[in-house]
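Okay, structure first, notes after.
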Amino acid sequence: MTDLDERLNTAFADFRHRVGPLVRPDGTDRAQATVRTRRRRRMATAAGALALVTVGVPAGGFATATGGDRAPTPAASPSRADLKISEVPRLYAFGTPLTFVSDPAGGYRGTAQVAFGNYGKSAGRYQATIQLSAGLEAVEGGGCRPGTTPRIVVCTGTIEALSSRIFTVGFASAGHTGHFEVLSLRRLRD
Amino acid sequence: MIELDKASAGIGPPPTLSFEEFYGAHFQSLTVQLYAYAGDLADAQDVVQEAFCRALDRWPRVSRLDDPGAWIRRVAWNLATSQWRRAMTAARFVRRHREETVPGPGPDRIALAAALATLPARHRRAVILHYLADVPVSEIAAQLNTTDGTVKSWLHRGRATLAAALTDEENDRD
């Protein structure tokens, strides 16, 4: 060993000797508390992510499958409380617009049929409030009558078990392309 | 990061090492090394504590390694290096934006720490691992992802610089 190495070894040993006693370890208890806290945070984050996936993805999928770019907006649906999720019409989601073209052969009158799909246990009499798009006017007939607001139609009909009950909505402006939207669907007392 | 698959392959000592023993055996020596490297004892302790927290988080695997001490040393050094780089970046930013005030030498300043601070970071790391941690050249090379020859070169230059600095310091005292 050279003199230089010896000097350095001595200097480092002296350094170790002088600094060592100054070290104040936080201790293993502190390390364990830190690790416990981190694990709890990781679990909470994972649970949040899982909740997002389990709730958000199906909801998004449902919105995409049923609503396209006009997904159901619960806050804007005045009668959402009247519908259980299982009663959401299969063909047209609650609050989802249905585009149709009126029948030119019918002069100024056309009809559109609103099918709510198979309901099974949900058979019964229902009242639907339907909004027609701009340029269309509701007319009476087919179990429907104009509501108090322009282009609002209130229809009453029966949904039969294992079949699609159809509301027939009358409207004006033949050949007009428009859409209607089911604002609410309420089951009537028998 | 040291690979952990040796442990899963059943190589190494049986998992009889307790975390408390491991902590007691390595905390002080690691803190001294990192203090020599970074020049701040509190930071060194924080970094070593963080390294032990990471070890505790995966203790069943770490405790079965051939050399858990090498694992914790590498983790602590990596943490210290990252922190030191961030500190250097912050210091450069501060220097650019305000007048620099250089603190005078305090009574706690140790000659060796001051001399080490003059070395480039990689040389300093190699010198500390070699002289303070007694790590062989080949192991230093593995830890720093370089060759044995490069480490020997760093050690040679580091030794020369330290010798000059320590000699100056001795002359100043006389």
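Ordering of the structure tokens sets the chain letters (A, B, ...), residue numbers begin anew at 1 in every chain, and ligands are numbered from 1 in the order given.
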At a cut-off of 8 Å, which residues of chain B touch chain A? Count only C-alpha atoms and give the answer as a list of chain:residue names.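 Therefore, the residues near the partner are B:Phe19, B:Glu20, B:Tyr23, B:Phe27, B:Gln28, B:Ser29, B:Thr31, B:Val32, B:Leu41, B:Gln45, B:Gln49, B:Glu50, B:Phe52, B:Cys53, B:Arg54, B:Leu56, B:Asp57, B:Ile110, B:Leu112, B:Tyr131, B:Leu132, B:Arg159, B:Ala163.
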Extract, using only C-alpha atoms, all DNA, RNA and protein residues at most 7 Å from Thr156 (chain A), discarding same-chain residues fewer than 4 positions from it, and format them as a list in words.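 Those residues are Tyr126, Gln127, Ala128, Gly143 and Cys144 of chain A.
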May I ask for the distance between CA of Thr147 (chain B) and CA of Asp67 (chain B), given in Å to one decimal place?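 Atom-to-atom, CA of Thr147 (chain B) to CA of Asp67 (chain B), that is 21.1 Å.
Atom to atom, CA of Arg124 (chain B) and CA of Asp168 (chain B) stand 18.6 Å apart.
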Separation of CA of Val154 (chain A) from CA of Ser184 (chain A), in Å and rounded to one decimal: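 Interatomic distance here is 9.6 Å.
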Extract, using only C-alpha atoms, all DNA, RNA and protein residues at most 8 Å from Ser63 (chain B), discarding same-chain residues fewer than 5 positions from it, and format them as a PyMOL selection string. chain B and resi 15-19+68
Neighbouring residues of Val151 (chain B) were defined as those with any atom within 7 Å, considering only C-alpha atoms; residues of the same chain fewer than 2 positions away were excluded. Please report them as a PDB file with N, CA and C atoms, in the first residue's frame.
ATOM      1  N   ALA B 126     -17.224   6.757  -6.969  1.00  0.00           N
ATOM      2  CA  ALA B 126     -16.315   5.605  -6.987  1.00  0.00           C
ATOM      3  C   ALA B 126     -15.380   5.630  -5.780  1.00  0.00           C
ATOM      4  N   VAL B 137     -13.556  -3.085  -6.803  1.00  0.00           N
ATOM      5  CA  VAL B 137     -13.649  -2.349  -8.074  1.00  0.00           C
ATOM      6  C   VAL B 137     -14.687  -2.971  -9.005  1.00  0.00           C
ATOM      7  N   ALA B 141     -17.947  -1.146 -10.548  1.00  0.00           N
ATOM      8  CA  ALA B 141     -18.181  -1.066 -11.991  1.00  0.00           C
ATOM      9  C   ALA B 141     -19.582  -1.566 -12.336  1.00  0.00           C
ATOM     10  N   THR B 147     -16.954  -0.127 -16.836  1.00  0.00           N
ATOM     11  CA  THR B 147     -15.958  -1.195 -16.818  1.00  0.00           C
ATOM     12  C   THR B 147     -15.022  -1.027 -15.612  1.00  0.00           C
ATOM     13  N   ASP B 148     -14.320  -2.120 -15.294  1.00  0.00           N
ATOM     14  CA  ASP B 148     -13.348  -2.062 -14.198  1.00  0.00           C
ATOM     15  C   ASP B 148     -12.281  -1.012 -14.481  1.00  0.00           C
ATOM     16  N   GLY B 149     -11.823  -0.962 -15.748  1.00  0.00           N
ATOM     17  CA  GLY B 149     -10.766  -0.020 -16.121  1.00  0.00           C
ATOM     18  C   GLY B 149     -11.189   1.426 -15.885  1.00  0.00           C
ATOM     19  N   SER B 153      -9.555   4.126 -13.338  1.00  0.00           N
ATOM     20  CA  SER B 153      -9.134   5.452 -13.788  1.00  0.00           C
ATOM     21  C   SER B 153      -9.735   6.543 -12.905  1.00  0.00           C
ATOM     22  N   TRP B 154     -11.055   6.405 -12.606  1.00  0.00           N
ATOM     23  CA  TRP B 154     -11.708   7.389 -11.731  1.00  0.00           C
ATOM     24  C   TRP B 154     -11.053   7.406 -10.346  1.00  0.00           C
ATOM     25  N   LEU B 155     -10.744   6.209  -9.848  1.00  0.00           N
ATOM     26  CA  LEU B 155     -10.129   6.123  -8.524  1.00  0.00           C
ATOM     27  C   LEU B 155      -8.750   6.789  -8.530  1.00  0.00           C
TER      28      LEU B 155
END
